[in-house]
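Here is the file model-v5.tsv (TSV, C-alpha atoms and all ligand atoms).
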chain	number	residue	atom	x	y	z
A	13	MET	CA	3.30	11.30	18.75
A	14	ILE	CA	3.11	11.12	14.96
A	15	SER	CA	1.54	7.69	14.62
A	16	GLU	CA	1.80	5.29	11.72
A	17	GLN	CA	-1.97	5.20	11.13
A	18	PRO	CA	-4.79	7.71	11.59
A	19	SER	CA	-7.05	7.09	14.59
A	20	LEU	CA	-10.78	6.48	14.21
A	21	LEU	CA	-11.63	8.98	16.92
A	22	ALA	CA	-8.88	11.57	16.57
A	23	ARG	CA	-9.73	14.83	14.85
A	24	THR	CA	-9.54	14.22	11.11
A	25	PRO	CA	-10.17	16.97	8.62
A	26	ALA	CA	-13.72	17.18	7.29
A	27	GLY	CA	-15.42	19.81	5.25
A	28	ARG	CA	-18.68	20.33	3.46
A	29	ARG	CA	-17.64	17.72	0.92
A	30	ALA	CA	-17.65	14.64	3.17
A	31	THR	CA	-19.06	12.63	0.28
A	32	GLY	CA	-17.41	9.34	1.14
A	33	ILE	CA	-14.90	7.49	-1.00
A	34	GLY	CA	-17.50	5.79	-3.26
A	35	PRO	CA	-18.24	8.85	-5.46
A	36	VAL	CA	-14.50	9.37	-6.12
A	37	ILE	CA	-14.25	5.82	-7.42
A	38	GLU	CA	-17.47	6.17	-9.42
A	39	ARG	CA	-16.13	9.28	-11.14
A	40	TYR	CA	-13.36	7.21	-12.72
A	41	THR	CA	-14.77	3.72	-13.15
A	42	THR	CA	-18.08	1.91	-13.17
A	43	ASP	CA	-17.10	-1.66	-12.52
A	44	PHE	CA	-15.83	-2.20	-8.99
A	45	ALA	CA	-16.58	-4.22	-5.86
A	46	PHE	CA	-15.65	-4.03	-2.18
A	47	TYR	CA	-13.67	-6.72	-0.35
A	48	GLY	CA	-12.19	-7.33	3.08
A	49	SER	CA	-8.61	-7.12	1.78
A	50	GLY	CA	-6.63	-6.33	-1.34
A	51	LYS	CA	-5.36	-9.90	-1.40
A	52	ALA	CA	-8.92	-11.28	-1.39
A	53	ALA	CA	-9.73	-8.88	-4.25
A	54	LEU	CA	-6.72	-10.17	-6.20
A	55	TYR	CA	-7.96	-13.73	-5.73
A	56	ASP	CA	-11.44	-12.97	-7.04
A	57	GLY	CA	-10.20	-10.78	-9.86
A	58	LEU	CA	-8.08	-13.56	-11.32
A	59	ALA	CA	-10.15	-16.62	-10.35
A	60	GLY	CA	-12.29	-16.62	-13.50
A	61	LEU	CA	-9.39	-15.79	-15.83
A	62	VAL	CA	-6.61	-18.25	-15.07
A	63	SER	CA	-5.92	-21.99	-14.99
A	64	PRO	CA	-3.96	-23.95	-12.38
A	65	GLY	CA	-0.28	-24.35	-13.31
A	66	GLU	CA	0.04	-20.97	-15.02
A	67	ASN	CA	2.32	-18.28	-13.60
A	68	VAL	CA	1.97	-14.66	-12.48
A	69	LEU	CA	4.84	-12.16	-12.72
A	70	VAL	CA	5.17	-9.84	-9.71
A	71	PRO	CA	7.85	-7.28	-8.79
A	72	ALA	CA	10.51	-8.55	-6.38
A	73	TYR	CA	10.03	-5.38	-4.32
A	74	LEU	CA	6.77	-6.54	-2.72
A	75	PRO	CA	5.52	-7.58	0.75
A	76	ASP	CA	5.73	-11.34	1.22
A	77	ALA	CA	1.99	-12.01	1.65
A	78	VAL	CA	0.86	-10.45	-1.65
A	79	VAL	CA	1.51	-13.61	-3.69
A	80	GLU	CA	-0.66	-15.79	-1.41
A	81	PRO	CA	-3.84	-15.34	-3.51
A	82	PHE	CA	-1.89	-16.58	-6.56
A	83	ARG	CA	-0.70	-19.67	-4.68
A	84	ASP	CA	-4.32	-20.21	-3.59
A	85	LEU	CA	-5.27	-20.27	-7.29
A	86	ALA	CA	-2.49	-22.84	-7.94
A	87	LEU	CA	-0.50	-20.24	-9.90
A	88	GLU	CA	3.29	-19.98	-9.69
A	89	PRO	CA	4.39	-16.52	-8.49
A	90	ARG	CA	7.51	-15.42	-10.41
A	91	TYR	CA	9.40	-12.40	-9.12
A	92	TYR	CA	10.85	-10.04	-11.71
A	93	ARG	CA	13.67	-7.59	-10.95
A	94	VAL	CA	13.06	-3.90	-10.41
A	95	ARG	CA	15.20	-0.84	-11.01
A	96	GLU	CA	16.38	1.69	-8.42
A	97	THR	CA	13.55	3.95	-9.68
A	98	LEU	CA	11.02	1.23	-8.71
A	99	ALA	CA	10.32	0.66	-12.43
A	100	PRO	CA	10.16	-2.94	-13.70
A	101	ASN	CA	13.42	-4.24	-15.20
A	102	ARG	CA	12.03	-4.80	-18.68
A	103	ALA	CA	14.75	-7.19	-19.85
A	104	ASP	CA	14.26	-9.39	-16.81
A	105	LEU	CA	10.49	-9.30	-17.26
A	106	VAL	CA	10.84	-10.43	-20.89
A	107	GLU	CA	13.06	-13.32	-19.80
A	108	ARG	CA	10.54	-14.57	-17.24
A	109	LEU	CA	7.44	-14.23	-19.46
A	110	ASP	CA	6.33	-17.39	-21.27
A	111	ASP	CA	3.22	-18.96	-22.78
A	112	GLU	CA	2.06	-19.99	-19.31
A	113	THR	CA	2.12	-16.41	-17.96
A	114	ALA	CA	-1.46	-15.56	-17.05
A	115	ALA	CA	-0.84	-12.09	-15.62
A	116	VAL	CA	1.75	-9.41	-14.89
A	117	VAL	CA	1.35	-7.26	-11.79
A	118	THR	CA	2.73	-3.72	-11.56
A	119	VAL	CA	2.62	-1.59	-8.39
A	120	ASP	CA	1.84	2.11	-7.89
A	121	TYR	CA	4.25	2.42	-4.96
A	122	PHE	CA	3.31	4.76	-2.11
A	123	GLY	CA	0.51	6.44	-4.09
A	124	PHE	CA	2.60	7.48	-7.13
A	125	PRO	CA	2.03	5.98	-10.59
A	126	GLN	CA	4.25	3.01	-11.47
A	127	SER	CA	7.21	4.32	-13.42
A	128	GLY	CA	8.06	2.49	-16.63
A	129	LEU	CA	4.45	1.40	-17.08
A	130	GLU	CA	4.38	2.15	-20.82
A	131	ALA	CA	7.22	-0.30	-21.40
A	132	VAL	CA	5.27	-3.06	-19.63
A	133	ALA	CA	2.01	-2.22	-21.40
A	134	SER	CA	3.68	-2.37	-24.85
A	135	LEU	CA	5.23	-5.71	-23.93
A	136	LEU	CA	1.84	-7.19	-23.07
A	137	ASP	CA	0.04	-5.73	-26.09
A	138	ASP	CA	0.52	-8.77	-28.31
A	139	ARG	CA	0.24	-11.37	-25.59
A	140	ASP	CA	-2.65	-13.32	-24.18
A	141	CYS	CA	-1.83	-12.10	-20.68
A	142	TYR	CA	-3.65	-9.89	-18.16
A	143	HIS	CA	-2.17	-6.75	-16.62
A	144	VAL	CA	-3.00	-6.13	-12.94
A	145	ASP	CA	-2.64	-2.53	-11.69
A	146	ASP	CA	-1.90	-2.94	-7.96
A	147	ASN	CA	-2.66	0.38	-6.30
A	148	ALA	CA	-2.99	-1.06	-2.79
A	149	HIS	CA	-1.28	2.00	-1.31
A	150	ALA	CA	-3.40	5.02	-2.22
A	151	PRO	CA	-7.12	4.61	-2.99
A	152	ILE	CA	-7.82	8.21	-4.09
A	153	SER	CA	-4.59	8.99	-5.93
A	154	VAL	CA	-5.25	10.34	-9.42
A	155	ASP	CA	-2.59	10.61	-12.13
A	156	ASN	CA	-3.36	12.79	-15.15
A	157	GLY	CA	-7.09	12.18	-14.84
A	158	THR	CA	-6.81	8.45	-14.16
A	159	LEU	CA	-7.52	6.87	-10.78
A	160	LEU	CA	-4.57	4.66	-9.88
A	161	GLY	CA	-5.63	1.02	-10.00
A	162	THR	CA	-7.83	1.52	-13.05
A	163	ARG	CA	-5.12	0.90	-15.64
A	164	GLY	CA	-4.57	-2.58	-16.98
A	165	HIS	CA	-7.30	-5.23	-17.21
A	166	LEU	CA	-7.98	-5.26	-13.49
A	167	GLY	CA	-6.71	-3.50	-10.43
A	168	ILE	CA	-7.02	-3.26	-6.66
A	169	THR	CA	-6.74	-0.77	-3.85
A	170	SER	CA	-6.59	-1.25	-0.08
A	171	LEU	CA	-8.84	1.18	1.81
A	172	ARG	CA	-7.25	0.55	5.19
A	173	LYS	CA	-4.08	2.22	3.91
A	174	LEU	CA	-6.09	5.47	3.68
A	175	LEU	CA	-8.59	5.31	6.54
A	176	PRO	CA	-8.63	4.18	10.19
A	177	ILE	CA	-10.49	0.95	9.48
A	178	PRO	CA	-9.84	-2.70	10.30
A	179	ASP	CA	-10.20	-3.94	6.70
A	180	GLY	CA	-11.45	-2.90	3.27
A	181	ALA	CA	-10.37	-3.01	-0.36
A	182	VAL	CA	-11.69	-2.51	-3.88
A	183	LEU	CA	-11.40	-4.64	-7.01
A	184	TYR	CA	-11.56	-2.72	-10.30
A	185	CYS	CA	-12.57	-4.49	-13.50
A	186	ASN	CA	-11.18	-2.21	-16.17
A	187	ASP	CA	-12.05	-4.36	-19.15
A	188	GLU	CA	-15.47	-5.54	-20.30
A	189	SER	CA	-14.42	-9.11	-21.02
A	190	VAL	CA	-12.75	-9.36	-17.61
A	191	ALA	CA	-15.87	-8.01	-15.90
A	192	ALA	CA	-18.00	-10.57	-17.73
A	193	ARG	CA	-15.85	-13.42	-16.42
A	194	LEU	CA	-15.73	-12.21	-12.81
A	195	GLU	CA	-16.95	-14.84	-10.35
A	196	PRO	CA	-17.46	-13.06	-7.01
A	197	SER	CA	-16.73	-15.36	-4.07
A	198	SER	CA	-18.18	-15.28	-0.55
A	199	PHE	CA	-15.67	-12.58	0.43
A	200	ALA	CA	-16.96	-9.98	-2.05
A	201	GLY	CA	-19.11	-7.09	-0.81
A	202	VAL	CA	-19.87	-5.75	2.66
A	203	ARG	CA	-20.84	-7.89	5.68
A	204	ASP	CA	-24.54	-7.72	6.59
A	205	GLU	CA	-24.10	-7.33	10.32
A	206	LEU	CA	-21.83	-5.74	12.87
A	207	GLY	CA	-19.35	-8.34	14.07
A	208	VAL	CA	-17.09	-8.83	17.08
A	209	ASP	CA	-14.18	-7.46	15.03
A	210	ASP	CA	-16.06	-4.18	14.41
A	211	CYS	CA	-16.47	-3.65	18.17
A	212	ARG	CA	-12.87	-4.64	18.84
A	213	HIS	CA	-11.64	-2.10	16.28
A	214	VAL	CA	-13.64	0.74	17.85
A	215	LEU	CA	-12.43	-0.23	21.34
A	216	GLU	CA	-8.82	-0.39	20.17
A	217	SER	CA	-9.15	3.07	18.62
A	218	VAL	CA	-10.53	4.45	21.90
A	219	ALA	CA	-7.69	2.81	23.81
A	220	GLY	CA	-5.19	4.22	21.30
A	221	ASP	CA	-6.45	7.76	21.89
A	222	LEU	CA	-6.28	7.35	25.66
A	223	LEU	CA	-2.72	6.10	25.32
A	224	GLU	CA	-1.79	9.20	23.31
A	225	ALA	CA	-2.62	11.20	26.40
A	226	ASN	CA	-0.65	9.12	28.89
A	227	ALA	CA	3.06	8.71	28.13
A	228	THR	CA	3.90	6.17	30.85
A	229	VAL	CA	1.11	3.77	30.00
A	230	ARG	CA	1.88	4.27	26.33
A	231	ARG	CA	5.52	3.24	26.71
A	232	THR	CA	4.46	0.07	28.59
A	233	VAL	CA	1.95	-0.84	25.90
A	234	GLU	CA	4.44	-0.07	23.13
A	235	ARG	CA	6.94	-2.46	24.75
A	236	LEU	CA	4.31	-5.20	24.96
A	237	ILE	CA	3.34	-4.63	21.33
A	238	ALA	CA	7.01	-4.72	20.24
A	239	GLU	CA	7.43	-8.07	22.03
A	240	ARG	CA	4.29	-9.42	20.42
A	241	SER	CA	5.17	-8.17	16.93
A	242	ALA	CA	8.35	-10.24	17.03
A	243	SER	CA	5.89	-12.93	15.92
A	244	VAL	CA	4.06	-11.25	12.98
A	245	PRO	CA	1.67	-13.85	11.50
A	246	ASP	CA	3.13	-15.69	8.53
A	247	PRO	CA	2.07	-14.57	5.02
A	248	LYS	CA	-0.48	-17.35	4.55
A	249	ALA	CA	-2.15	-16.64	7.90
A	250	ARG	CA	-2.36	-12.93	6.99
A	251	TYR	CA	-3.94	-13.79	3.65
A	252	GLU	CA	-6.45	-16.22	5.15
A	253	ALA	CA	-7.49	-13.62	7.75
A	254	GLY	CA	-8.33	-11.17	4.93
A	255	LYS	CA	-10.63	-13.56	3.03
A	256	THR	CA	-13.83	-11.84	4.18
A	257	PRO	CA	-16.19	-9.18	2.89
A	258	MET	CA	-15.56	-5.63	4.12
A	259	SER	CA	-16.80	-5.05	7.68
A	260	ARG	CA	-19.70	-2.75	8.53
A	261	VAL	CA	-17.51	-0.42	10.56
A	262	SER	CA	-15.18	0.00	7.56
A	263	ALA	CA	-18.14	0.65	5.24
A	264	ALA	CA	-19.42	3.34	7.62
A	265	VAL	CA	-16.04	5.12	7.75
A	266	VAL	CA	-15.64	4.83	3.95
A	267	ASP	CA	-19.08	6.47	3.52
A	268	ALA	CA	-18.34	9.30	5.97
A	269	ALA	CA	-14.85	10.21	4.75
A	270	ASP	CA	-14.03	13.54	3.12
A	271	PRO	CA	-11.74	12.71	0.18
A	272	THR	CA	-10.96	16.33	-0.64
A	273	ALA	CA	-9.84	17.15	2.91
A	274	ILE	CA	-7.90	13.88	3.21
A	275	ARG	CA	-6.02	14.47	-0.03
A	276	ARG	CA	-5.23	18.04	0.95
A	277	ALA	CA	-3.96	17.02	4.43
A	278	ARG	CA	-1.78	14.21	3.08
A	279	ARG	CA	-0.25	16.46	0.43
A	280	THR	CA	0.45	19.22	2.98
A	281	ASN	CA	2.18	16.70	5.26
A	282	TYR	CA	4.15	15.22	2.36
A	283	LEU	CA	5.48	18.67	1.46
A	284	ALA	CA	6.33	19.38	5.13
A	285	TRP	CA	8.51	16.22	5.23
A	286	ARG	CA	10.08	17.17	1.93
A	287	ARG	CA	11.11	20.54	3.38
A	288	CYS	CA	12.48	18.71	6.42
A	289	PHE	CA	14.71	16.45	4.31
A	290	ASP	CA	15.45	18.70	1.31
A	291	SER	CA	18.78	20.01	2.51
A	292	ARG	CA	19.94	17.00	4.56
A	293	SER	CA	22.74	14.81	3.32
A	294	GLY	CA	22.55	11.02	3.34
A	295	VAL	CA	18.94	10.78	2.18
A	296	GLU	CA	17.42	10.43	-1.25
A	297	ILE	CA	13.82	11.52	-1.73
A	298	TYR	CA	11.93	9.23	-4.10
A	299	HIS	CA	9.57	11.88	-5.43
A	300	GLU	CA	10.76	15.48	-5.32
A	301	THR	CA	7.59	16.70	-7.00
A	302	LEU	CA	4.03	16.05	-5.94
A	303	PRO	CA	1.87	16.27	-9.08
A	304	GLU	CA	-1.72	17.43	-8.79
A	305	GLY	CA	-4.16	14.65	-7.88
A	306	ILE	CA	-1.63	12.48	-6.08
A	307	CYS	CA	-2.70	11.47	-2.57
A	308	PRO	CA	0.43	9.94	-1.03
A	309	GLN	CA	0.29	6.96	1.31
A	310	VAL	CA	3.53	7.91	3.09
A	311	PHE	CA	6.64	10.03	2.55
A	312	PRO	CA	9.18	7.45	1.31
A	313	LEU	CA	12.92	8.12	1.22
A	314	ARG	CA	16.14	6.13	0.95
A	315	THR	CA	19.13	6.26	3.22
A	316	ASP	CA	22.35	4.27	3.86
A	317	SER	CA	21.58	4.23	7.58
A	318	PRO	CA	17.87	3.43	7.88
A	319	GLN	CA	17.96	2.07	11.45
A	320	ARG	CA	19.72	5.20	12.70
A	321	LEU	CA	17.10	7.39	10.97
A	322	VAL	CA	14.16	5.34	12.31
A	323	ALA	CA	15.64	5.58	15.84
A	324	ALA	CA	16.20	9.35	15.52
A	325	LEU	CA	12.62	9.81	14.30
A	326	GLU	CA	11.33	7.69	17.17
A	327	ARG	CA	13.17	9.96	19.64
A	328	CYS	CA	11.18	12.82	18.05
A	329	GLY	CA	7.93	10.85	18.46
A	330	VAL	CA	7.56	9.74	14.84
A	331	ALA	CA	6.58	6.15	13.99
A	332	ALA	CA	8.57	5.42	10.81
A	333	HIS	CA	9.57	2.03	9.40
A	334	THR	CA	11.46	0.36	6.59
A	335	TRP	CA	9.32	-1.25	3.86
A	336	PRO	CA	8.55	-4.04	3.05
A	337	ARG	CA	9.28	-7.49	4.47
A	338	LEU	CA	10.25	-9.31	1.28
A	339	ALA	CA	9.39	-12.88	0.34
A	340	ALA	CA	12.00	-15.42	1.45
A	341	THR	CA	12.70	-16.30	-2.22
A	342	VAL	CA	13.73	-12.70	-2.87
A	343	ARG	CA	15.61	-12.27	0.42
A	344	ASP	CA	17.72	-15.36	-0.30
A	345	ASP	CA	18.53	-14.74	-3.97
A	346	PRO	CA	21.38	-12.34	-4.94
A	347	ALA	CA	19.71	-11.90	-8.36
A	348	TYR	CA	17.30	-9.56	-6.56
A	349	ALA	CA	20.07	-7.29	-5.21
A	350	VAL	CA	18.20	-4.08	-6.09
A	351	ALA	CA	14.92	-5.12	-4.41
A	352	ARG	CA	16.86	-6.24	-1.34
A	353	ARG	CA	18.72	-2.95	-1.17
A	354	LEU	CA	15.49	-0.97	-1.61
A	355	ALA	CA	13.80	-2.94	1.19
A	356	ARG	CA	16.79	-2.32	3.48
A	357	GLU	CA	17.13	1.39	2.72
A	358	THR	CA	13.56	2.64	2.20
A	359	VAL	CA	12.02	4.40	5.19
A	360	ALA	CA	8.31	5.36	5.12
A	361	LEU	CA	7.18	8.37	7.18
A	362	PRO	CA	3.52	9.00	8.08
A	363	VAL	CA	1.61	11.71	6.20
A	364	HIS	CA	-1.93	10.66	7.12
A	365	GLN	CA	-4.77	13.09	7.72
A	366	GLY	CA	-4.45	12.81	11.52
A	367	VAL	CA	-0.96	14.34	11.45
A	368	ASP	CA	-0.66	18.06	12.17
A	369	PRO	CA	1.83	19.68	9.74
A	370	ALA	CA	3.05	21.86	12.62
A	371	ALA	CA	4.18	18.67	14.39
A	372	ILE	CA	6.29	17.79	11.32
A	373	GLU	CA	7.82	21.29	11.32
A	374	ALA	CA	8.67	20.80	15.02
A	375	VAL	CA	10.36	17.47	14.23
A	376	ALA	CA	12.36	19.18	11.48
A	377	ASP	CA	13.80	21.57	14.10
A	378	ARG	CA	14.77	18.74	16.49
A	379	LEU	CA	15.79	15.89	14.22
A	380	ARG	CA	19.51	14.98	14.60
A	381	TRP	CA	20.97	11.77	13.25
B	1	LIG	C1	1.79	-3.53	-3.02
B	1	LIG	C2	0.73	-4.23	-2.22
B	1	LIG	N1	-0.21	-4.96	-2.86
B	1	LIG	C3	-1.19	-5.59	-2.21
B	1	LIG	C4	-1.29	-5.51	-0.83
B	1	LIG	C5	-2.39	-6.25	-0.13
B	1	LIG	O1	-3.35	-5.40	0.43
B	1	LIG	P1	-4.20	-5.91	1.68
B	1	LIG	O2	-3.30	-5.75	2.87
B	1	LIG	O3	-5.41	-5.04	1.71
B	1	LIG	O4	-4.52	-7.34	1.43
B	1	LIG	C6	-0.34	-4.77	-0.11
B	1	LIG	C7	-0.40	-4.69	1.34
B	1	LIG	O5	0.45	-4.16	2.01
B	1	LIG	C8	0.70	-4.11	-0.82
B	1	LIG	O6	1.63	-3.36	-0.19
With the file now loaded, output its structure as structure tokens.
Amino acid sequence: MISEQPSLLARTPAGRRATGIGPVIERYTTDFAFYGSGKAALYDGLAGLVSPGENVLVPAYLPDAVVEPFRDLALEPRYYRVRETLAPNRADLVERLDDETAAVVTVDYFGFPQSGLEAVASLLDDRDCYHVDDNAHAPISVDNGTLLGTRGHLGITSLRKLLPIPDGAVLYCNDESVAARLEPSSFAGVRDELGVDDCRHVLESVAGDLLEANATVRRTVERLIAERSASVPDPKARYEAGKTPMSRVSAAVVDAADPTAIRRARRTNYLAWRRCFDSRSGVEIYHETLPEGICPQVFPLRTDSPQRLVAALERCGVAAHTWPRLAATVRDDPAYAVARRLARETVALPVHQGVDPAAIEAVADRLRW
């Protein structure tokens, strides 16, 4: 089975350079702090900079829960349109910007740098408005010598998108005046003690590995999980659950990780999927090239028949999914036609370090849809 996430106990690549993730971050930036979630980091990053009643501009192509920290700060989230390339629609952004705009968020989707970033940066140059570089997807992705998330005034990344951990994120303060005004809350840093959640995470990982080995039990559990996930917690509940410091088990995995091996494995798997889809009709690959330094979160593609592709991949043992679940405001408004189409048609395939590239090659031979 090619799972969606790496397992804590499964064989993950490690070499002599298992330095942990911290030194990678330190190579590119000095001012950062750990959090339980990216959303908690967004809250803290903006708390000392904004006033209630102001607004924050976010791309319409965004998971529904990401604006919860802004609501918590009594800010109005305003969705701006995006282009088919995932770049911000500059004209729409200009229209929504006003004197009450405290910040504009851009997203480095799937571990690749946000396209059209220069246009946004030049727009904000003369304004009293912060730029947030949301690199939730790929903590160690580097573009032309810059760690994603460290552009703009502040940025975030979500460590659980990279590693088999229950929580974990980083807030980057990329600007001295922003760093000076940072007011860390009780959910900054790493928890002092092991908690119940740490033990639960380890137990779940053990159970997950046992299930890998037993197909019958696995199918039963998958059915139960599918039934339960019909009721995914609402965005606010997901946000509230992430308002904690990073857990001890996450900190331990972050410290033990081998960034070089992880980046290499993810890139190899990305290229294996690209070969699998290169000559197939009916799919559009977002990023044909994989520039040096990029550590992809997933292999994202677009297709007119996403459900058929997800089902075909599942028959080959691959856990793929469409992304993301949009905010209701976006889902219900035809003005966001592009974001809605992207969310319907984008399928994300796993490339994590627990995936064996040979398994992807085997899927390529069997995949019919
Ligand atoms: C673009 C983007 N930003 C922010 C977040 C929030 O990260 P976290 O889940 O760590 O709160 C996510 C989570 O999926 C995301 O996709």
If you take all atoms listed in the file and a cut-off of 9 Å, which residues of chain A touch ligand LIG 1 (chain B), and what are their nearest atom pairs and distances in Å to one decimal, in chain and number order, as a Markdown table?
| residue | atom | partner | partner_atom | distance |
| --- | --- | --- | --- | --- |
| A:Tyr47 | CA | B:LIG1 | O3 | 8.7 |
| A:Gly48 | CA | B:LIG1 | O3 | 7.3 |
| A:Ser49 | CA | B:LIG1 | O3 | 3.8 |
| A:Gly50 | CA | B:LIG1 | O3 | 3.5 |
| A:Lys51 | CA | B:LIG1 | O4 | 3.9 |
| A:Ala52 | CA | B:LIG1 | O4 | 6.5 |
| A:Ala53 | CA | B:LIG1 | O4 | 7.9 |
| A:Leu54 | CA | B:LIG1 | C3 | 8.2 |
| A:Tyr73 | CA | B:LIG1 | C1 | 8.5 |
| A:Leu74 | CA | B:LIG1 | C1 | 5.8 |
| A:Pro75 | CA | B:LIG1 | O6 | 5.8 |
| A:Asp76 | CA | B:LIG1 | O5 | 8.9 |
| A:Ala77 | CA | B:LIG1 | C5 | 7.5 |
| A:Val78 | CA | B:LIG1 | C3 | 5.3 |
| A:Val79 | CA | B:LIG1 | C3 | 8.6 |
| A:Thr118 | CA | B:LIG1 | C1 | 8.6 |
| A:Val119 | CA | B:LIG1 | C1 | 5.8 |
| A:Asp120 | CA | B:LIG1 | C1 | 7.5 |
| A:Tyr121 | CA | B:LIG1 | C1 | 6.7 |
| A:Phe122 | CA | B:LIG1 | C1 | 8.5 |
| A:Asp146 | CA | B:LIG1 | N1 | 5.7 |
| A:Asn147 | CA | B:LIG1 | C1 | 6.8 |
| A:Ala148 | CA | B:LIG1 | N1 | 4.8 |
| A:His149 | CA | B:LIG1 | O6 | 6.2 |
| A:Ile168 | CA | B:LIG1 | C3 | 7.7 |
| A:Thr169 | CA | B:LIG1 | O3 | 7.1 |
| A:Ser170 | CA | B:LIG1 | O3 | 4.4 |
| A:Leu171 | CA | B:LIG1 | O3 | 7.1 |
| A:Arg172 | CA | B:LIG1 | O3 | 6.8 |
| A:Lys173 | CA | B:LIG1 | O3 | 7.7 |
| A:Asp179 | CA | B:LIG1 | O3 | 7.0 |
| A:Gly180 | CA | B:LIG1 | O3 | 6.6 |
| A:Ala181 | CA | B:LIG1 | O3 | 5.7 |
| A:Val182 | CA | B:LIG1 | O3 | 8.8 |
| A:Arg250 | CA | B:LIG1 | O4 | 8.2 |
| A:Tyr251 | CA | B:LIG1 | O4 | 6.8 |
| A:Gly254 | CA | B:LIG1 | O4 | 6.4 |
| A:Lys255 | CA | B:LIG1 | O4 | 8.9 |
| A:Trp335 | CA | B:LIG1 | O6 | 8.9 |
| A:Pro336 | CA | B:LIG1 | O6 | 7.7 |
Closest to Ser262 in chain A among A:Leu175, A:Ala360, A:Leu105, A:Ala72, using all atoms listed in the file?
A:Leu175
Just checking: using only C-alpha atoms, which residue out of A:Asp267, A:Asp377, A:Glu96, A:Glu16 ends up closest to Cys328 in chain A?
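For Cys328 in chain A, the nearest of the given residues is A:Asp377.
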Between CA of Val117 in chain A and CA of Leu129 in chain A, what is the distance, to one decimal in Å?
10.6 Å
Size and centre in Å, one decimal, axis-aligned box, all listed range 359-366 of chain A atoms plus 5 Å per side, as AutoDock Vina command-line options:
--center_x 3.6 --center_y 8.7 --center_z 8.3 --size_x 26.8 --size_y 18.7 --size_z 16.4
When you look at range 36-40 of chain A with a cut-off of 12 Å (counting all atoms listed in the file), what residues show up, excluding the ones that are within fewer than 2 positions of it in the same chain? I need them as a VMD selection string.
chain A and resid 29 to 34 42 to 46 151 to 163 168 to 169 171 181 to 186 266 to 267 269 to 272 275 305
For a test of reading the model, state the distance in Å between CA of Pro125 in chain A and CA of Val190 in chain A, rounded to one decimal.
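CA of Val190 in chain A lies at a distance of 22.4 Å from CA of Pro125 in chain A.
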My list of candidates is A:Glu373, A:Tyr91, A:Arg102, A:Val70. Which is closest to Ser127 in chain A when distances are computed with all atoms listed in the file?
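Counting all atoms listed in the file, the residue closest to Ser127 in chain A is A:Arg102.
Closest to Thr334 in chain A among A:Leu379, A:Val310, A:Val350, A:Val363 is A:Val310, based on only C-alpha atoms.
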Taking all atoms listed in the file into account, name the residue in A:Ala339, A:Ala284, A:Ala323, A:Cys307 that is nearest to Ala376 in chain A.
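Of A:Ala339, A:Ala284, A:Ala323, A:Cys307, the one nearest Ala376 in chain A, counting all atoms listed in the file, is A:Ala284.
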CA of Ala264 in chain A to CA of Val367 in chain A: how many Å, to one decimal?
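The value is 21.8 Å.
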Exercise: Gly294 in chain A partners within 9 Å, only C-alpha atoms, chain neighbours under 4 positions left out, as a list in words:
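Once the adjacent positions are removed, what remains is Arg314, Thr315, Asp316 and Ser317 of chain A.
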Best match for closeness to Ser19 in chain A among A:Pro247, A:Arg356, A:Asp290, A:Ile177, counting all atoms listed in the file:
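That would be A:Ile177, the residue with the smallest distance to Ser19 in chain A.
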Can you tell me, as a ChimeraX atom specification, what residues are no more than 12 Å from Phe289 in chain A when counting all atoms listed in the file, ignoring any on the same chain fewer than 3 positions away?
/A:282-286,292-300,311-315,321,361,372-373,375-377,379-381
